[in-house]
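For reference, start-v9.cif (mmCIF, N, CA and C atoms):
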data_run
#
loop_
_atom_site.label_atom_id
_atom_site.label_comp_id
_atom_site.auth_asym_id
_atom_site.auth_seq_id
_atom_site.Cartn_x
_atom_site.Cartn_y
_atom_site.Cartn_z
N MET A 32 -14.39 7.19 -19.27
CA MET A 32 -12.97 7.46 -19.27
C MET A 32 -12.70 8.61 -18.32
N GLY A 33 -11.47 8.74 -17.85
CA GLY A 33 -11.11 9.76 -16.87
C GLY A 33 -10.95 11.13 -17.50
N ILE A 34 -10.83 12.12 -16.66
CA ILE A 34 -10.62 13.49 -17.09
C ILE A 34 -9.14 13.66 -17.44
N LEU A 35 -8.85 14.33 -18.55
CA LEU A 35 -7.47 14.54 -18.95
C LEU A 35 -6.91 15.79 -18.30
N ILE A 36 -5.76 15.65 -17.65
CA ILE A 36 -5.09 16.77 -16.99
C ILE A 36 -3.71 16.88 -17.61
N PRO A 37 -3.35 18.05 -18.16
CA PRO A 37 -2.02 18.20 -18.76
C PRO A 37 -0.92 17.97 -17.72
N ARG A 38 0.14 17.30 -18.14
CA ARG A 38 1.26 17.03 -17.23
C ARG A 38 2.17 18.23 -17.16
N LYS A 39 2.75 18.44 -15.98
CA LYS A 39 3.64 19.58 -15.77
C LYS A 39 4.98 19.40 -16.45
N ASP A 40 5.38 18.14 -16.67
CA ASP A 40 6.70 17.91 -17.25
C ASP A 40 6.70 18.03 -18.77
N GLY A 41 5.58 18.37 -19.38
CA GLY A 41 5.51 18.58 -20.81
C GLY A 41 5.46 17.30 -21.63
N ALA A 42 5.28 16.15 -20.98
CA ALA A 42 5.22 14.88 -21.70
C ALA A 42 3.99 14.86 -22.60
N MET A 43 4.04 14.01 -23.61
CA MET A 43 2.96 13.94 -24.58
C MET A 43 1.69 13.33 -24.00
N ASN A 44 1.82 12.33 -23.13
CA ASN A 44 0.64 11.68 -22.59
C ASN A 44 0.14 12.43 -21.37
N PRO A 45 -1.06 13.01 -21.47
CA PRO A 45 -1.58 13.71 -20.30
C PRO A 45 -1.99 12.70 -19.22
N LYS A 46 -1.88 13.13 -17.97
CA LYS A 46 -2.25 12.27 -16.85
C LYS A 46 -3.76 12.32 -16.69
N ARG A 47 -4.36 11.16 -16.51
CA ARG A 47 -5.80 11.10 -16.33
C ARG A 47 -6.11 11.00 -14.85
N LYS A 48 -7.23 11.56 -14.46
CA LYS A 48 -7.68 11.48 -13.08
C LYS A 48 -9.06 10.83 -13.09
N PHE A 49 -9.18 9.75 -12.31
CA PHE A 49 -10.43 8.99 -12.28
C PHE A 49 -11.17 9.32 -10.99
N SER A 50 -12.48 9.50 -11.12
CA SER A 50 -13.28 9.81 -9.93
C SER A 50 -13.37 8.60 -9.03
N MET A 51 -13.62 8.85 -7.77
CA MET A 51 -13.77 7.78 -6.79
C MET A 51 -14.96 6.88 -7.18
N GLU A 52 -16.01 7.51 -7.68
CA GLU A 52 -17.20 6.75 -8.07
C GLU A 52 -16.89 5.80 -9.22
N LEU A 53 -16.12 6.25 -10.22
CA LEU A 53 -15.76 5.38 -11.34
C LEU A 53 -14.91 4.21 -10.85
N LYS A 54 -13.94 4.49 -9.98
CA LYS A 54 -13.09 3.43 -9.45
C LYS A 54 -13.94 2.39 -8.72
N ARG A 55 -14.84 2.86 -7.87
CA ARG A 55 -15.70 1.96 -7.12
C ARG A 55 -16.58 1.13 -8.06
N GLN A 56 -17.11 1.77 -9.09
CA GLN A 56 -17.97 1.09 -10.06
C GLN A 56 -17.20 0.00 -10.82
N VAL A 57 -15.99 0.33 -11.27
CA VAL A 57 -15.16 -0.63 -12.00
C VAL A 57 -14.84 -1.82 -11.10
N LEU A 58 -14.46 -1.54 -9.87
CA LEU A 58 -14.10 -2.62 -8.95
C LEU A 58 -15.29 -3.49 -8.59
N GLU A 59 -16.43 -2.89 -8.44
CA GLU A 59 -17.61 -3.70 -8.12
C GLU A 59 -17.99 -4.61 -9.29
N GLN A 60 -17.78 -4.14 -10.52
CA GLN A 60 -18.00 -5.00 -11.68
C GLN A 60 -17.03 -6.17 -11.68
N MET A 61 -15.78 -5.90 -11.34
CA MET A 61 -14.77 -6.95 -11.32
C MET A 61 -15.05 -7.94 -10.19
N LEU A 62 -15.34 -7.43 -9.00
CA LEU A 62 -15.55 -8.31 -7.85
C LEU A 62 -16.83 -9.13 -7.95
N SER A 63 -17.83 -8.58 -8.62
CA SER A 63 -19.08 -9.33 -8.78
C SER A 63 -18.98 -10.39 -9.87
N GLY A 64 -17.96 -10.27 -10.73
CA GLY A 64 -17.77 -11.24 -11.80
C GLY A 64 -18.52 -10.90 -13.07
N THR A 65 -19.18 -9.74 -13.13
CA THR A 65 -19.90 -9.37 -14.35
C THR A 65 -18.94 -9.02 -15.49
N SER A 66 -17.73 -8.57 -15.15
CA SER A 66 -16.71 -8.28 -16.17
C SER A 66 -15.37 -8.79 -15.69
N SER A 67 -14.57 -9.25 -16.63
CA SER A 67 -13.24 -9.72 -16.27
C SER A 67 -12.30 -8.53 -16.14
N PRO A 68 -11.20 -8.69 -15.43
CA PRO A 68 -10.23 -7.59 -15.33
C PRO A 68 -9.74 -7.13 -16.71
N ALA A 69 -9.50 -8.06 -17.61
CA ALA A 69 -9.03 -7.70 -18.95
C ALA A 69 -10.08 -6.85 -19.68
N GLN A 70 -11.35 -7.24 -19.58
CA GLN A 70 -12.42 -6.46 -20.22
C GLN A 70 -12.47 -5.05 -19.66
N LEU A 71 -12.37 -4.93 -18.34
CA LEU A 71 -12.44 -3.62 -17.70
C LEU A 71 -11.25 -2.75 -18.10
N CYS A 72 -10.09 -3.36 -18.20
CA CYS A 72 -8.89 -2.60 -18.61
C CYS A 72 -9.05 -2.07 -20.02
N ARG A 73 -9.55 -2.90 -20.92
CA ARG A 73 -9.76 -2.45 -22.29
C ARG A 73 -10.83 -1.37 -22.36
N GLN A 74 -11.93 -1.61 -21.67
CA GLN A 74 -13.07 -0.69 -21.72
C GLN A 74 -12.71 0.70 -21.19
N HIS A 75 -11.94 0.75 -20.12
CA HIS A 75 -11.61 2.04 -19.49
C HIS A 75 -10.20 2.53 -19.82
N GLU A 76 -9.52 1.78 -20.70
CA GLU A 76 -8.17 2.13 -21.15
C GLU A 76 -7.23 2.36 -19.96
N ILE A 77 -7.18 1.37 -19.07
CA ILE A 77 -6.29 1.43 -17.92
C ILE A 77 -5.42 0.17 -17.91
N SER A 78 -4.32 0.23 -17.20
CA SER A 78 -3.43 -0.92 -17.12
C SER A 78 -3.93 -1.87 -16.03
N ALA A 79 -3.52 -3.12 -16.15
CA ALA A 79 -3.89 -4.11 -15.14
C ALA A 79 -3.29 -3.74 -13.78
N SER A 80 -2.08 -3.20 -13.79
CA SER A 80 -1.47 -2.82 -12.51
C SER A 80 -2.26 -1.72 -11.82
N LEU A 81 -2.81 -0.78 -12.58
CA LEU A 81 -3.64 0.27 -11.99
C LEU A 81 -4.92 -0.33 -11.42
N LEU A 82 -5.53 -1.26 -12.13
CA LEU A 82 -6.75 -1.91 -11.66
C LEU A 82 -6.50 -2.64 -10.34
N TYR A 83 -5.39 -3.36 -10.25
CA TYR A 83 -5.10 -4.10 -9.02
C TYR A 83 -4.65 -3.17 -7.89
N TYR A 84 -4.06 -2.02 -8.25
CA TYR A 84 -3.76 -1.01 -7.24
C TYR A 84 -5.07 -0.49 -6.64
N TRP A 85 -6.05 -0.18 -7.50
CA TRP A 85 -7.36 0.25 -7.02
C TRP A 85 -7.99 -0.81 -6.14
N LYS A 86 -7.81 -2.08 -6.52
CA LYS A 86 -8.40 -3.18 -5.74
C LYS A 86 -7.81 -3.21 -4.33
N ARG A 87 -6.48 -3.03 -4.23
CA ARG A 87 -5.85 -2.99 -2.89
C ARG A 87 -6.39 -1.81 -2.09
N GLN A 88 -6.51 -0.66 -2.73
CA GLN A 88 -7.04 0.52 -2.05
C GLN A 88 -8.49 0.29 -1.62
N TYR A 89 -9.25 -0.36 -2.47
CA TYR A 89 -10.66 -0.65 -2.18
C TYR A 89 -10.77 -1.55 -0.95
N SER A 90 -9.90 -2.56 -0.88
CA SER A 90 -9.95 -3.48 0.25
C SER A 90 -9.57 -2.78 1.56
N ARG A 91 -8.87 -1.67 1.46
CA ARG A 91 -8.48 -0.91 2.66
C ARG A 91 -9.47 0.19 3.00
N GLY A 92 -10.58 0.25 2.25
CA GLY A 92 -11.63 1.22 2.56
C GLY A 92 -11.36 2.63 2.05
N ARG A 93 -10.54 2.77 1.01
CA ARG A 93 -10.16 4.09 0.52
C ARG A 93 -11.23 4.75 -0.36
N TYR A 94 -12.23 4.03 -0.76
CA TYR A 94 -13.23 4.60 -1.66
C TYR A 94 -14.59 4.75 -1.02
N GLY A 95 -14.61 5.05 0.27
CA GLY A 95 -15.86 5.36 0.94
C GLY A 95 -16.61 4.18 1.52
N GLN A 96 -16.16 2.98 1.29
CA GLN A 96 -16.83 1.81 1.85
C GLN A 96 -16.04 1.31 3.04
N GLU A 97 -16.61 0.39 3.79
CA GLU A 97 -15.91 -0.21 4.92
C GLU A 97 -14.77 -1.07 4.40
N PRO A 98 -13.60 -1.02 5.03
CA PRO A 98 -12.50 -1.88 4.59
C PRO A 98 -12.83 -3.34 4.86
N THR A 99 -12.27 -4.21 4.04
CA THR A 99 -12.43 -5.64 4.30
C THR A 99 -11.61 -5.99 5.53
N ALA A 100 -11.83 -7.18 6.07
CA ALA A 100 -11.08 -7.60 7.26
C ALA A 100 -9.58 -7.59 6.97
N VAL A 101 -9.19 -8.09 5.81
CA VAL A 101 -7.78 -8.12 5.43
C VAL A 101 -7.25 -6.69 5.27
N GLY A 102 -8.01 -5.85 4.62
CA GLY A 102 -7.60 -4.46 4.42
C GLY A 102 -7.44 -3.72 5.74
N ALA A 103 -8.36 -3.96 6.67
CA ALA A 103 -8.25 -3.32 7.98
C ALA A 103 -7.00 -3.79 8.71
N LEU A 104 -6.70 -5.07 8.60
CA LEU A 104 -5.49 -5.60 9.24
C LEU A 104 -4.23 -5.05 8.59
N GLU A 105 -4.24 -4.91 7.27
CA GLU A 105 -3.09 -4.33 6.57
C GLU A 105 -2.86 -2.89 7.02
N ASN A 106 -3.96 -2.13 7.18
CA ASN A 106 -3.83 -0.76 7.66
C ASN A 106 -3.23 -0.74 9.06
N ARG A 107 -3.69 -1.63 9.92
CA ARG A 107 -3.18 -1.70 11.30
C ARG A 107 -1.70 -2.08 11.31
N ILE A 108 -1.31 -3.03 10.49
CA ILE A 108 0.10 -3.45 10.41
C ILE A 108 0.96 -2.28 9.94
N ARG A 109 0.51 -1.56 8.93
CA ARG A 109 1.27 -0.43 8.40
C ARG A 109 1.45 0.65 9.48
N GLU A 110 0.40 0.91 10.24
CA GLU A 110 0.47 1.91 11.30
C GLU A 110 1.43 1.46 12.40
N LEU A 111 1.37 0.19 12.78
CA LEU A 111 2.26 -0.33 13.81
C LEU A 111 3.72 -0.33 13.35
N GLU A 112 3.96 -0.65 12.08
CA GLU A 112 5.32 -0.61 11.55
C GLU A 112 5.87 0.81 11.57
N ARG A 113 5.04 1.78 11.24
CA ARG A 113 5.45 3.18 11.29
C ARG A 113 5.81 3.58 12.72
N LEU A 114 4.99 3.15 13.67
CA LEU A 114 5.24 3.46 15.07
C LEU A 114 6.53 2.80 15.58
N VAL A 115 6.77 1.55 15.18
CA VAL A 115 8.01 0.86 15.57
C VAL A 115 9.22 1.63 15.02
N GLY A 116 9.13 2.09 13.80
CA GLY A 116 10.22 2.86 13.21
C GLY A 116 10.50 4.13 13.99
N GLU A 117 9.44 4.86 14.37
CA GLU A 117 9.62 6.08 15.16
C GLU A 117 10.26 5.78 16.50
N LEU A 118 9.77 4.75 17.17
CA LEU A 118 10.30 4.39 18.49
C LEU A 118 11.74 3.93 18.40
N THR A 119 12.09 3.20 17.35
CA THR A 119 13.47 2.75 17.16
C THR A 119 14.39 3.95 16.98
N PHE A 120 13.96 4.90 16.17
CA PHE A 120 14.75 6.11 15.95
C PHE A 120 14.96 6.87 17.26
N GLU A 121 13.87 7.07 18.01
CA GLU A 121 13.97 7.78 19.28
C GLU A 121 14.88 7.04 20.26
N ASN A 122 14.77 5.73 20.30
CA ASN A 122 15.58 4.91 21.21
C ASN A 122 17.07 5.07 20.88
N ARG A 123 17.42 4.99 19.61
CA ARG A 123 18.81 5.16 19.20
C ARG A 123 19.32 6.55 19.53
N LEU A 124 18.49 7.55 19.29
CA LEU A 124 18.87 8.92 19.58
C LEU A 124 19.12 9.12 21.08
N LEU A 125 18.24 8.59 21.90
CA LEU A 125 18.41 8.73 23.35
C LEU A 125 19.62 7.96 23.86
N LYS A 126 19.88 6.78 23.31
CA LYS A 126 21.07 6.03 23.71
C LYS A 126 22.33 6.81 23.38
N ARG A 127 22.35 7.41 22.20
CA ARG A 127 23.51 8.18 21.78
C ARG A 127 23.70 9.40 22.67
N ALA A 128 22.60 10.08 23.01
CA ALA A 128 22.67 11.24 23.89
C ALA A 128 23.17 10.83 25.27
N ALA A 129 22.73 9.67 25.77
CA ALA A 129 23.19 9.18 27.08
C ALA A 129 24.68 8.88 27.03
N GLU A 130 25.15 8.30 25.93
CA GLU A 130 26.59 8.02 25.79
C GLU A 130 27.39 9.32 25.81
N LEU A 131 26.92 10.32 25.08
CA LEU A 131 27.62 11.61 25.03
C LEU A 131 27.61 12.27 26.39
N SER A 132 26.51 12.20 27.08
CA SER A 132 26.39 12.81 28.39
C SER A 132 27.30 12.11 29.40
N ALA A 133 27.37 10.79 29.34
CA ALA A 133 28.18 10.02 30.28
C ALA A 133 29.67 10.22 30.03
N SER A 134 30.05 10.43 28.78
CA SER A 134 31.48 10.57 28.47
C SER A 134 32.03 11.89 29.00
N GLY A 135 31.22 12.94 28.97
CA GLY A 135 31.64 14.23 29.47
C GLY A 135 32.73 14.90 28.65
N LYS A 136 33.16 14.30 27.59
CA LYS A 136 34.22 14.85 26.73
C LYS A 136 33.59 15.18 25.38
N ASN A 137 32.99 16.34 25.32
CA ASN A 137 32.22 16.71 24.13
C ASN A 137 33.04 16.71 22.86
N GLY A 138 34.26 17.24 22.89
CA GLY A 138 35.09 17.28 21.68
C GLY A 138 35.39 15.90 21.17
N ARG A 139 35.80 15.03 22.07
CA ARG A 139 36.13 13.65 21.69
C ARG A 139 34.87 12.90 21.24
N SER A 140 33.76 13.15 21.91
CA SER A 140 32.51 12.47 21.58
C SER A 140 32.02 12.88 20.20
N LEU A 141 32.22 14.14 19.84
CA LEU A 141 31.77 14.59 18.52
C LEU A 141 32.58 13.91 17.42
N ARG A 142 33.87 13.67 17.67
CA ARG A 142 34.66 12.97 16.67
C ARG A 142 34.16 11.55 16.48
N ARG A 143 33.67 10.92 17.54
CA ARG A 143 33.14 9.56 17.43
C ARG A 143 31.87 9.56 16.58
N LEU A 144 31.12 10.63 16.62
CA LEU A 144 29.91 10.72 15.80
C LEU A 144 30.25 10.80 14.32
N ASN A 145 31.37 11.43 13.99
CA ASN A 145 31.80 11.63 12.61
C ASN A 145 33.16 10.98 12.41
N PRO A 146 33.25 9.65 12.35
CA PRO A 146 34.54 8.98 12.28
C PRO A 146 35.33 9.30 11.02
N GLY A 147 34.68 9.76 9.96
CA GLY A 147 35.38 10.07 8.71
C GLY A 147 36.14 11.38 8.78
N LYS A 148 35.78 12.25 9.71
CA LYS A 148 36.42 13.55 9.84
C LYS A 148 37.59 13.45 10.79
N SER A 149 38.68 14.10 10.47
CA SER A 149 39.81 14.10 11.38
C SER A 149 39.59 15.17 12.43
N GLY A 150 40.11 14.93 13.63
CA GLY A 150 39.90 15.84 14.72
C GLY A 150 40.80 17.07 14.68
N GLY A 151 41.92 16.99 13.96
CA GLY A 151 42.86 18.10 13.97
C GLY A 151 42.52 19.16 12.96
N GLY A 152 43.12 20.34 13.14
CA GLY A 152 42.90 21.43 12.21
C GLY A 152 43.91 21.37 11.08
N ALA A 153 43.89 22.38 10.22
CA ALA A 153 44.85 22.45 9.11
C ALA A 153 46.20 22.85 9.68
N GLY A 154 47.21 22.04 9.54
CA GLY A 154 48.43 22.32 10.23
C GLY A 154 49.57 22.46 9.41
#
Kindly transcribe the structure held in the file into structure tokens.
Amino acid sequence: MGILIPRKDGAMNPKRKFSMELKRQVLEQMLSGTSSPAQLCRQHEISASLLYYWKRQYSRGRYGQEPTAVGALENRIRELERLVGELTFENRLLKRAAELSASGKNGRSLRRLNPGKSGGGAG
């Protein structure tokens, strides 16, 4: 069983922390077929969702072993999606800056950035 760590929020159920070695051991039992997922969940008092979360992490090489082919591809996809997001943000920012620069009317351009705000003062 995992080490009990008191929760900061004062809840009754303390959060458990499982060692990497225990996670790897549990997963290897499941993957080899020596124990069923249900047996492992009962034996280690963990939820099925936690077991399958560990399995996803294991396939991505998070527990010291080489990632599976699928896990390596998932890692690559996640990294590429992050990069696409960064590039999209930068592209939009640069387009907006080019529009502001081309307009040459900073006061009017700023109002376009904040359409909910009125341009006039308190009158």
Checklist entry - Written as an MDAnalysis selection string, what is the full residue list that the PyMOL selection byres (((chain A and resi 89 and name CA) around 12) and name CA) yields on the file shown? => result chainID A and resid 51:52 54:59 61:62 82:88 90:103 106
So that I have them on file, write out the residues from the current selection with N, CA and C atoms, as an mmCIF file, in the frame of the given file.
data_model
loop_
_atom_site.group_PDB
_atom_site.id
_atom_site.type_symbol
_atom_site.label_atom_id
_atom_site.label_comp_id
_atom_site.auth_asym_id
_atom_site.auth_seq_id
_atom_site.Cartn_x
_atom_site.Cartn_y
_atom_site.Cartn_z
ATOM 1 N N MET A 51 -13.620 8.850 -7.770
ATOM 2 C CA MET A 51 -13.770 7.780 -6.790
ATOM 3 C C MET A 51 -14.960 6.880 -7.180
ATOM 4 N N GLU A 52 -16.010 7.510 -7.680
ATOM 5 C CA GLU A 52 -17.200 6.750 -8.070
ATOM 6 C C GLU A 52 -16.890 5.800 -9.220
ATOM 7 N N LYS A 54 -13.940 4.490 -9.980
ATOM 8 C CA LYS A 54 -13.090 3.430 -9.450
ATOM 9 C C LYS A 54 -13.940 2.390 -8.720
ATOM 10 N N ARG A 55 -14.840 2.860 -7.870
ATOM 11 C CA ARG A 55 -15.700 1.960 -7.120
ATOM 12 C C ARG A 55 -16.580 1.130 -8.060
ATOM 13 N N GLN A 56 -17.110 1.770 -9.090
ATOM 14 C CA GLN A 56 -17.970 1.090 -10.060
ATOM 15 C C GLN A 56 -17.200 0.000 -10.820
ATOM 16 N N VAL A 57 -15.990 0.330 -11.270
ATOM 17 C CA VAL A 57 -15.160 -0.630 -12.000
ATOM 18 C C VAL A 57 -14.840 -1.820 -11.100
ATOM 19 N N LEU A 58 -14.460 -1.540 -9.870
ATOM 20 C CA LEU A 58 -14.100 -2.620 -8.950
ATOM 21 C C LEU A 58 -15.290 -3.490 -8.590
ATOM 22 N N GLU A 59 -16.430 -2.890 -8.440
ATOM 23 C CA GLU A 59 -17.610 -3.700 -8.120
ATOM 24 C C GLU A 59 -17.990 -4.610 -9.290
ATOM 25 N N MET A 61 -15.780 -5.900 -11.340
ATOM 26 C CA MET A 61 -14.770 -6.950 -11.320
ATOM 27 C C MET A 61 -15.050 -7.940 -10.190
ATOM 28 N N LEU A 62 -15.340 -7.430 -9.000
ATOM 29 C CA LEU A 62 -15.550 -8.310 -7.850
ATOM 30 C C LEU A 62 -16.830 -9.130 -7.950
ATOM 31 N N LEU A 82 -5.530 -1.260 -12.130
ATOM 32 C CA LEU A 82 -6.750 -1.910 -11.660
ATOM 33 C C LEU A 82 -6.500 -2.640 -10.340
ATOM 34 N N TYR A 83 -5.390 -3.360 -10.250
ATOM 35 C CA TYR A 83 -5.100 -4.100 -9.020
ATOM 36 C C TYR A 83 -4.650 -3.170 -7.890
ATOM 37 N N TYR A 84 -4.060 -2.020 -8.250
ATOM 38 C CA TYR A 84 -3.760 -1.010 -7.240
ATOM 39 C C TYR A 84 -5.070 -0.490 -6.640
ATOM 40 N N TRP A 85 -6.050 -0.180 -7.500
ATOM 41 C CA TRP A 85 -7.360 0.250 -7.020
ATOM 42 C C TRP A 85 -7.990 -0.810 -6.140
ATOM 43 N N LYS A 86 -7.810 -2.080 -6.520
ATOM 44 C CA LYS A 86 -8.400 -3.180 -5.740
ATOM 45 C C LYS A 86 -7.810 -3.210 -4.330
ATOM 46 N N ARG A 87 -6.480 -3.030 -4.230
ATOM 47 C CA ARG A 87 -5.850 -2.990 -2.890
ATOM 48 C C ARG A 87 -6.390 -1.810 -2.090
ATOM 49 N N GLN A 88 -6.510 -0.660 -2.730
ATOM 50 C CA GLN A 88 -7.040 0.520 -2.050
ATOM 51 C C GLN A 88 -8.490 0.290 -1.620
ATOM 52 N N SER A 90 -9.900 -2.560 -0.880
ATOM 53 C CA SER A 90 -9.950 -3.480 0.250
ATOM 54 C C SER A 90 -9.570 -2.780 1.560
ATOM 55 N N ARG A 91 -8.870 -1.670 1.460
ATOM 56 C CA ARG A 91 -8.480 -0.910 2.660
ATOM 57 C C ARG A 91 -9.470 0.190 3.000
ATOM 58 N N GLY A 92 -10.580 0.250 2.250
ATOM 59 C CA GLY A 92 -11.630 1.220 2.560
ATOM 60 C C GLY A 92 -11.360 2.630 2.050
ATOM 61 N N ARG A 93 -10.540 2.770 1.010
ATOM 62 C CA ARG A 93 -10.160 4.090 0.520
ATOM 63 C C ARG A 93 -11.230 4.750 -0.360
ATOM 64 N N TYR A 94 -12.230 4.030 -0.760
ATOM 65 C CA TYR A 94 -13.230 4.600 -1.660
ATOM 66 C C TYR A 94 -14.590 4.750 -1.020
ATOM 67 N N GLY A 95 -14.610 5.050 0.270
ATOM 68 C CA GLY A 95 -15.860 5.360 0.940
ATOM 69 C C GLY A 95 -16.610 4.180 1.520
ATOM 70 N N GLN A 96 -16.160 2.980 1.290
ATOM 71 C CA GLN A 96 -16.830 1.810 1.850
ATOM 72 C C GLN A 96 -16.040 1.310 3.040
ATOM 73 N N GLU A 97 -16.610 0.390 3.790
ATOM 74 C CA GLU A 97 -15.910 -0.210 4.920
ATOM 75 C C GLU A 97 -14.770 -1.070 4.400
ATOM 76 N N PRO A 98 -13.600 -1.020 5.030
ATOM 77 C CA PRO A 98 -12.500 -1.880 4.590
ATOM 78 C C PRO A 98 -12.830 -3.340 4.860
ATOM 79 N N THR A 99 -12.270 -4.210 4.040
ATOM 80 C CA THR A 99 -12.430 -5.640 4.300
ATOM 81 C C THR A 99 -11.610 -5.990 5.530
ATOM 82 N N ALA A 100 -11.830 -7.180 6.070
ATOM 83 C CA ALA A 100 -11.080 -7.600 7.260
ATOM 84 C C ALA A 100 -9.580 -7.590 6.970
ATOM 85 N N VAL A 101 -9.190 -8.090 5.810
ATOM 86 C CA VAL A 101 -7.780 -8.120 5.430
ATOM 87 C C VAL A 101 -7.250 -6.690 5.270
ATOM 88 N N GLY A 102 -8.010 -5.850 4.620
ATOM 89 C CA GLY A 102 -7.600 -4.460 4.420
ATOM 90 C C GLY A 102 -7.440 -3.720 5.740
ATOM 91 N N ALA A 103 -8.360 -3.960 6.670
ATOM 92 C CA ALA A 103 -8.250 -3.320 7.980
ATOM 93 C C ALA A 103 -7.000 -3.790 8.710
ATOM 94 N N ASN A 106 -3.960 -2.130 7.180
ATOM 95 C CA ASN A 106 -3.830 -0.760 7.660
ATOM 96 C C ASN A 106 -3.230 -0.740 9.060
#
Item to check | DSSP strand (DSSP E) selection over region 33-122 of chain A, as an NGL selection string | outcome: :A and (34-36 or 46-48)
Item to check | Test item, alpha helix (DSSP H) assignment across region 43-147 of chain A, answer as an NGL selection string | outcome: :A and (51-63 or 68-75 or 79-90 or 100-134 or 137-144)
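If you look at atom C of Arg113 (chain A) and atom N of Ala129 (chain A), they are 22.2 Å away from each other.
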